[in-house]
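Before any comments, here is the structure.
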Amino acid sequence: MKKLSPAQTAKTEPYRHTIISADLNLRLDTYELNPAKIKFNGPKGWHIKKWTLHGGKQEDVDIIEVNNGAMRIVICPTRGMGIIGAEIADLRLGWDSPVKEIVHPKFINLLARGGLGWLEGFNEWIVRCGLENAGAPGKDKFINNVGDEAEMDLTLHGRIANTPASEVQVIVEQIEPYRIRIIGRMFERLLFGPKLELLTEICTEPGSNKFRIQDTVINHGAAKQEFQLLYHINFGTPLLEKGSKFLAPVQTITPINERAAQEIDSFDTYPAPTPGFIEKVYCIIPYANNDGETMAMLKNASSSRAILLRYSTADLPCLSLWKCTNSPEEGYVTGIEPATGFPHNRRIERKFGRVPALEPQQMRSFTIEYEACLDSSSVSKAEKEIENIRNNRPIQINKKPPVIE
Amino acid sequence: MKKLSPAQTAKTEPYRHTIISADLNLRLDTYELNPAKIKFNGPKGWHIKKWTLHGGKQEDVDIIEVNNGAMRIVICPTRGMGIIGAEIADLRLGWDSPVKEIVHPKFINLLARGGLGWLEGFNEWIVRCGLENAGAPGKDKFINNVGDEAEMDLTLHGRIANTPASEVQVIVEQIEPYRIRIIGRMFERLLFGPKLELLTEICTEPGSNKFRIQDTVINHGAAKQEFQLLYHINFGTPLLEKGSKFLAPVQTITPINERAAQEIDSFDTYPAPTPGFIEKVYCIIPYANNDGETMAMLKNASSSRAILLRYSTADLPCLSLWKCTNSPEEGYVTGIEPATGFPHNRRIERKFGRVPALEPQQMRSFTIEYEACLDSSSVSKAEKEIENIRNNRPIQINKKPPVIE
Amino acid sequence: MKKLSPAQTAKTEPYRHTIISADLNLRLDTYELNPAKIKFNGPKGWHIKKWTLHGGKQEDVDIIEVNNGAMRIVICPTRGMGIIGAEIADLRLGWDSPVKEIVHPKFINLLARGGLGWLEGFNEWIVRCGLENAGAPGKDKFINNVGDEAEMDLTLHGRIANTPASEVQVIVEQIEPYRIRIIGRMFERLLFGPKLELLTEICTEPGSNKFRIQDTVINHGAAKQEFQLLYHINFGTPLLEKGSKFLAPVQTITPINERAAQEIDSFDTYPAPTPGFIEKVYCIIPYANNDGETMAMLKNASSSRAILLRYSTADLPCLSLWKCTNSPEEGYVTGIEPATGFPHNRRIERKFGRVPALEPQQMRSFTIEYEACLDSSSVSKAEKEIENIRNNRPIQINKKPPVIE
């Protein structure tokens with residue numbers, strides 16, 4: 001594995017510590033960092049902790065907690081650097097999955113349940129889907145070892161969330177804005193298959209109500225390589241409640257199937273938990289501002305709390321809205337899902353030209369900034385930002401699902 | 001996970017110790033308990049030990065030994081709280097599987113071998129089959145995430161035997177009868193799937209020749225949920241030998257297929273190891289006594305040793321008898337299998353109305369008491385008990401297998 | 001498991017140490033042996049080390065290094081006692097797979113990618129394929145539990161490379177030639193399936209440029225049992241380069257498919273890395289000398305370095321030559337593959353009579369000696385040996401692939 005290149009060359013060198021590395025044959029069972037330990041120049045009150053989970057399906061799972069003094073973010077290297085959850089003030093970011101443990105990939109068989117085995121570990125706040133494929137299970141073609149077109153069963157949302165990080169580094173910068181960064185690297189690589197890396201950086205600042213995930217997908221192969229990336233960002237209570245609202249500068253919105261079509265008129269509002277509710281997915285193309293940036297937001301019923309995503313539509317042109325407001329025991333959850341495409345099977349996405357590819361040695365980065373709004377005025381300000389991005393341009397609402405097969 | 005509610009409120013509090021808990025991020029590598037350690041009021045001479053296995057496919061497997069002073073019971077939390085084996089005096093309870101290691105689920109792929117991957121870890125004395133499905137592999141329908149009927153490949157005997165316990169507690173009561181109890185909890189839970197718990201209590205008393213397994217299946221979901229439960233209780237030598245006999249108050253017995261039909265007349269006796277023997281399964285509905293209780297028994301050729309099961313036919317109406325008396329190297333074994341149904345694929349069991357379901361938040365308990373008979377008089381007494389349950393009612397022997405498809 | 005029988009009864013007892021044993025509930029995290037530690041009578045300068053890998057998909061993988069003073073051999077018990085690589089002087093034996101980590105089997109799903117999941121861990125120098133099946137994925141029949149012919153999906157190259165050793169022993173002999181031996185045992189065993197053992201001995205001598213692998217496949221069952229064994233011996237740079245040459249006393253050679261047929265005339269020479277190259281496989285029956293021994297060799301372009309294999313054609317009658325000279329990033333590699341058959345799916349191999357079987361309790365041994373040639377004269381001498389085996393007998397070159405279906 002190539003080493004990470006240094007991110008800055010300031011006089012005041014950032015603190016760096018590798019806590020997991022297949023290269024270095026290293027995995028720390030526990031680790032703790034705080035300002036006192038490194039003669040930190042900046043604001044105090046933050047810490048980073050790493051521990052290992054035990055018991056049941058959690059056995060041997062690595063957990064990293066980043067507490068920037070205001071916000072607590074829980075990262076799971078063993079599950080592809082997914083974000084289990086976060087907290088800021090009284091706001092919990094995440095959801096209540098029927099899956100209660102943070103499941104080690106060794107207990108997951110992605111092929112189980114007709115390719116839906118991924119669901120047996122699914123309880124993250126932010127979970128990446130990808131890299132070779134990111135959408136629905138089902139058959140797709142590929143080129144096999146003898147150069148022939150063959151068929152394989154894609155599994156739901158791909159493998160990256162069940163791939164342990166091969167390297168994890170902690171970086172704390174000693175100059176303003178005193179960024180705290182967690183770097184992770186996962187690989188999907190094999191002979192006669194992709195040679196893809198996902199290099200992720202989760203970055204926040206002391207005392208901030210924001211953090212940023214910058215992911216870089218790298219094709220280490222010598223051939224052009226398709227990939228897919230979808231951010232499955234999931235919310236339950238308290239942000240999700242009767243009357244919660246989804247906001248984005250929607251350019252076009254299309255229901256994914258007939259069932260979703262029936263409720264297209266209320267796509268942006270949420271009911272209370274509804275026993276027997278069946279998921280509805282809406283495929284959205286958002287507008288961007290002149291800088292190419294867009295926003296998406298989920299706010300609670302009283303508009304006093306919200307989460308805000310900012311990202312570039314050039315990177316992530318497609319936005320899926322997943323509404324799954326069943327009973328709390330079954331899963332009361334919504335997903336806001338910026339992605340390179342929509343969550344159809346890859347063979348369908350390819351037909352619509354939504355499966356990007358990387359040239360040999362090429363890389364592409366994807367950045368999403370997450371901001372928590374903790375009072376009405378910041379929620380209101382964010383709404384205005386979204387309105388400004390839309391800038392009075394029309395919304396096209398397609399009442400019918402697309403013809404896909 | 002909800003905490004276990006206290007089982008009693010005696011003045012003399014029972015000793016309780018959690019040795020595995022995903023909730024508490026806890027897993028003890030080793031643990032040992034004996035009367036001296038807890039100022040025990042009752043009989044001495046018993047102990048409980050927990051250790052971890054190493055080497056080959058056993059790596060990281062948890063084992064609990066309960067020795068009540070007379071009987072030694074070996075439990076495997078890593079394999080769904082299955083009972084690996086037991087011993088009392090010179091009687092070994094268990095069998096000699098071709099699988100010699102106690103295999104960690106991480107080395108098992110249930111989908112392998114056309115859905116027969118379960119066999120690669122199968123060597124327990126008592127192994128539960130379930131919870132979502134318990135029988136033969138093959139396709140069955142299910143409702144997928146978008147609310148449509150889809151098809152999945154069920155795997156042989158389901159997943160519970162390859163599911164690690166998320167919580168294990170030791171309880172020793174300080175009042176008569178000074179019960180020693182091991183509690184375990186396993187889960188089959190996911191979005192768009194079952195939310196089932198199996199709460200098991202393995203209970204014995206100091207110096208006893210009996211123990212009891214009480215399992216409770218709980219539907220934590222908000223929707224009605226099918227389940228299946230089959231106790232695969234397996235015997236090899238010394239109980240199984242030429243001339244061993246199976247006894248139960250049989251009401252009806254039906255061979256599962258043509259091959260079993262050919263030997264229906266000798267269903268209750270066993271041959272010596274028979275090279276090339278192909279398994280024969282008989283589907284039995286037993287009679288119960290006025291309290292709803294039934295019994296099943298396996299005794300050796302000289303009627304000097306036996307194992308006796310007592311349970312309620314309301315809980316477990318179906319009893320399969322599995323005869324697999326091949327060469328010792330191939331597997332000389334018989335299974336006595338009380339269950340909610342027979343071991344056909346679930347789609348067939350459903351057709352015959354033998355797939356129970358739990359309402360939201362409903363639970364059902366299943367209790368089997370195991371008793372070892374170590375001399376002729378106790379064997380003879382148990383036979384009389386079985387005769388009393390039958391109470392001269394007729395046996396219906398179906399000579400033909402049922403039409404199932 | 002039966003204990004290993006003592007290999008010799010010399011007055012000077014060999015040093016023996018068990019470092020992994022499921023039987024003994026033993027797995028050493030680290031281990032180190034050198035002449036000083038055991039009052040070694042023979043040449044100094046060698047050592048054996050065992051350690052455990054950490055990080056990413058390597059977590060918990062066992063590694064044994066045998067350094068005989070001249071040659072360093074790296075063995076992986078967790079991956080079926082495969083040889084990760086070796087080094088002697090400036091000669092590296094192995095290849096640069098896109099898979100960089102030594103992947104724990106818990107992260108491998110052999111059924112993934114249409115049965116090509118094996119590739120996700122494939123980076124060994126010497127990896128065994130087998131035991132139940134060794135070739136291409138696809139359907140084959142088997143006899144299931146009820147004695148009926150059923151169908152299962154075979155997976156690429158079988159399971160043995162993803163099966164952890166259940167026992168590993170180090171033996172160092174105290175008499176000439178002071179052999180250093182690593183013994184390992186893996187099992188494929190289950191009810192209603194094979195009961196096969198692979199007992200391997202990797203043996204070298206202090207200061208030697210050679211080592212030997214002797215594998216014994218044992219049928220512990222009471223029924224006749226098919227098996228397959230293929231040694232996938234893989235080379236990248238420096239041995240593989242533009243102008244490298246494959247040498248063997250070829251009796252017949254047949255391209256495996258049309259694509260291989262197109263380049264049959266240059267089957268024994270290698271191009272530089274060739275972007276987009278698609279693998280070509282040639283199926284060879286080699287000649288043997290009067291003792292039944294044959295040889296195969298890969299030499300570099302300048303004929304100054306080579307690796308030489310010696311083995312018996314009675315044991316391993318078939319030799320596949322795998323040419324896969326794609327870009328370095330995709331995999332620039334060739335495989336020399338002595339085997340019991342060719343790498344077609346087992347159902348095809350069976351049709352051609354190339355699937356051997358073991359009678360109950362029967363065993364068969366397979367020995368390959370590996371020799372590194374480090375100068376032109378030893379390379380040249382080896383070439384003459386190969387010529388002598390051929391002894392002017394004709395080569396039959398089939399220009400067309402066989403009709404297999």
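Each chain of the structure tokens is named A, B, ... in the order shown, its residues numbered from 1; ligands are numbered from 1 in display order.
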
Chain C residues within 7 Å of chain B, counting only C-alpha atoms: which ones, as number ranges by chain? C: 20-22, 25-27, 106, 145-147, 151-153, 164-167, 189-191, 195, 220-222

Based on the backbone DSSP call, show me all residues of segment 9-79 of chain C assigned strand (DSSP E or B), as a compact mmCIF listing (two decimals) with N, CA and C atoms, in the first residue's frame.
# COMPACT_ATOMS: atom_id res chain seq x y z
N TYR C 15 13.79 -32.35 17.64
CA TYR C 15 13.02 -31.33 18.37
C TYR C 15 11.62 -31.27 17.77
N ARG C 16 10.62 -31.24 18.61
CA ARG C 16 9.24 -31.13 18.16
C ARG C 16 8.50 -30.09 18.98
N HIS C 17 7.73 -29.29 18.33
CA HIS C 17 6.94 -28.32 19.08
C HIS C 17 5.63 -28.06 18.34
N THR C 18 4.55 -28.18 19.07
CA THR C 18 3.24 -27.91 18.47
C THR C 18 2.91 -26.45 18.68
N ILE C 19 2.63 -25.74 17.60
CA ILE C 19 2.33 -24.32 17.78
C ILE C 19 0.86 -23.99 17.55
N ILE C 20 0.16 -24.89 16.86
CA ILE C 20 -1.30 -24.76 16.74
C ILE C 20 -1.89 -26.15 16.89
N SER C 21 -2.94 -26.26 17.68
CA SER C 21 -3.62 -27.55 17.80
C SER C 21 -5.03 -27.37 18.34
N LEU C 26 -4.78 -25.07 21.58
CA LEU C 26 -3.50 -24.35 21.59
C LEU C 26 -3.30 -23.54 20.32
N ARG C 27 -2.89 -22.31 20.50
CA ARG C 27 -2.44 -21.50 19.37
C ARG C 27 -1.48 -20.46 19.91
N TYR C 31 6.23 -17.28 18.36
CA TYR C 31 7.09 -18.42 18.59
C TYR C 31 8.38 -18.15 17.85
N GLU C 32 9.48 -18.55 18.44
CA GLU C 32 10.76 -18.35 17.76
C GLU C 32 11.69 -19.49 18.10
N LEU C 33 12.38 -20.00 17.10
CA LEU C 33 13.31 -21.09 17.30
C LEU C 33 14.58 -20.79 16.52
N HIS C 47 16.61 -19.96 11.34
CA HIS C 47 15.62 -19.73 12.39
C HIS C 47 14.20 -19.98 11.87
N ILE C 48 13.30 -20.13 12.81
CA ILE C 48 11.87 -20.24 12.52
C ILE C 48 11.16 -19.22 13.39
N LYS C 49 10.25 -18.46 12.80
CA LYS C 49 9.48 -17.49 13.58
C LYS C 49 8.00 -17.64 13.26
N LYS C 50 7.19 -17.48 14.26
CA LYS C 50 5.74 -17.45 14.05
C LYS C 50 5.20 -16.16 14.65
N TRP C 51 4.38 -15.44 13.91
CA TRP C 51 3.73 -14.28 14.48
C TRP C 51 2.30 -14.18 13.95
N THR C 52 1.59 -13.17 14.41
CA THR C 52 0.18 -12.99 14.05
C THR C 52 0.02 -11.64 13.38
N ASP C 62 -2.20 -16.14 11.03
CA ASP C 62 -0.93 -16.71 11.49
C ASP C 62 0.07 -16.80 10.35
N ILE C 63 1.31 -16.46 10.67
CA ILE C 63 2.39 -16.52 9.69
C ILE C 63 3.57 -17.28 10.31
N ILE C 64 4.15 -18.18 9.53
CA ILE C 64 5.38 -18.86 9.95
C ILE C 64 6.46 -18.56 8.92
N GLU C 65 7.60 -18.09 9.42
CA GLU C 65 8.75 -17.87 8.55
C GLU C 65 9.79 -18.94 8.85
N VAL C 66 10.21 -19.65 7.80
CA VAL C 66 11.33 -20.58 7.94
C VAL C 66 12.50 -19.99 7.16
N ASN C 67 13.55 -19.67 7.86
CA ASN C 67 14.76 -19.16 7.19
C ASN C 67 15.84 -20.21 7.42
N MET C 71 17.59 -19.53 2.40
CA MET C 71 16.28 -19.32 1.79
C MET C 71 15.28 -19.00 2.89
N ARG C 72 14.40 -18.06 2.60
CA ARG C 72 13.36 -17.65 3.55
C ARG C 72 12.01 -18.02 2.94
N ILE C 73 11.27 -18.83 3.66
CA ILE C 73 9.98 -19.33 3.17
C ILE C 73 8.90 -18.86 4.13
N VAL C 74 7.83 -18.25 3.62
CA VAL C 74 6.77 -17.71 4.46
C VAL C 74 5.49 -18.52 4.25
N ILE C 75 5.05 -19.14 5.33
CA ILE C 75 3.92 -20.08 5.29
C ILE C 75 2.73 -19.48 6.04
N CYS C 76 1.52 -19.73 5.56
CA CYS C 76 0.33 -19.19 6.22
C CYS C 76 -0.61 -20.31 6.67

Near segment 363-379 of chain B, within 6 Å and counting only C-alpha atoms, which residues show up once chain neighbours fewer than 3 positions away are dropped, as a compact mmCIF listing (two decimals) with N, CA and C atoms, in the first residue's frame?
# COMPACT_ATOMS: atom_id res chain seq x y z
N ASN B 209 -29.61 -35.89 37.99
CA ASN B 209 -29.44 -36.59 36.73
C ASN B 209 -30.34 -36.00 35.64
N LYS B 210 -30.83 -34.80 35.89
CA LYS B 210 -31.73 -34.12 34.95
C LYS B 210 -31.24 -32.71 34.66
N PHE B 211 -31.68 -32.21 33.55
CA PHE B 211 -31.64 -30.76 33.36
C PHE B 211 -32.77 -30.36 32.44
N ARG B 212 -32.96 -29.07 32.33
CA ARG B 212 -34.12 -28.57 31.60
C ARG B 212 -33.66 -27.42 30.72
N ILE B 213 -34.16 -27.40 29.49
CA ILE B 213 -33.94 -26.24 28.64
C ILE B 213 -35.28 -25.57 28.40
N GLN B 214 -35.37 -24.32 28.81
CA GLN B 214 -36.58 -23.56 28.53
C GLN B 214 -36.23 -22.43 27.58
N ASP B 215 -36.79 -22.49 26.40
CA ASP B 215 -36.52 -21.48 25.38
C ASP B 215 -37.76 -20.63 25.19
N THR B 216 -37.53 -19.34 25.04
CA THR B 216 -38.64 -18.44 24.76
C THR B 216 -38.33 -17.71 23.46
N VAL B 217 -39.24 -17.83 22.51
CA VAL B 217 -39.08 -17.10 21.25
C VAL B 217 -39.95 -15.86 21.33
N ILE B 218 -39.33 -14.72 21.10
CA ILE B 218 -40.02 -13.44 21.27
C ILE B 218 -40.02 -12.69 19.95
N SER B 303 -31.36 -52.37 27.89
CA SER B 303 -32.32 -51.60 28.70
C SER B 303 -31.74 -51.19 30.06
N SER B 304 -30.43 -50.92 30.08
CA SER B 304 -29.80 -50.52 31.34
C SER B 304 -29.45 -49.02 31.38
N ARG B 305 -29.55 -48.38 30.22
CA ARG B 305 -29.26 -46.95 30.14
C ARG B 305 -30.28 -46.33 29.20
N ALA B 306 -30.69 -45.11 29.51
CA ALA B 306 -31.62 -44.44 28.61
C ALA B 306 -31.56 -42.94 28.81
N ILE B 307 -32.02 -42.23 27.80
CA ILE B 307 -32.27 -40.81 27.97
C ILE B 307 -33.76 -40.60 27.73
N LEU B 308 -34.28 -39.69 28.49
CA LEU B 308 -35.71 -39.47 28.53
C LEU B 308 -35.98 -37.99 28.31
N LEU B 309 -36.88 -37.68 27.40
CA LEU B 309 -37.30 -36.29 27.20
C LEU B 309 -38.75 -36.14 27.64
N ARG B 310 -39.03 -35.06 28.32
CA ARG B 310 -40.42 -34.74 28.70
C ARG B 310 -40.73 -33.33 28.21
N TYR B 311 -41.85 -33.19 27.54
CA TYR B 311 -42.23 -31.85 27.06
C TYR B 311 -43.71 -31.84 26.74
N ASP B 315 -46.74 -27.21 22.92
CA ASP B 315 -45.60 -26.41 22.47
C ASP B 315 -44.97 -27.01 21.22
N ALA B 382 -39.54 -45.65 33.40
CA ALA B 382 -39.81 -44.65 32.35
C ALA B 382 -40.64 -45.27 31.24

Neighbour list for Glu359 of chain A as a count of residues only, cut-off 7 Å, only C-alpha atoms, skip fewer than 4 positions in-chain: 3

For Arg393 of chain A, which residue out of A:Pro360, A:Gly335, A:Pro273, A:Pro286 is the nearest one, using only C-alpha atoms?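 Smallest separation from Arg393 of chain A among the options: A:Pro286.
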
Between atom CA of Gly236 of chain B and atom CA of Gly193 of chain C, distance in Å (one decimal):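 The value is 18.4 Å.
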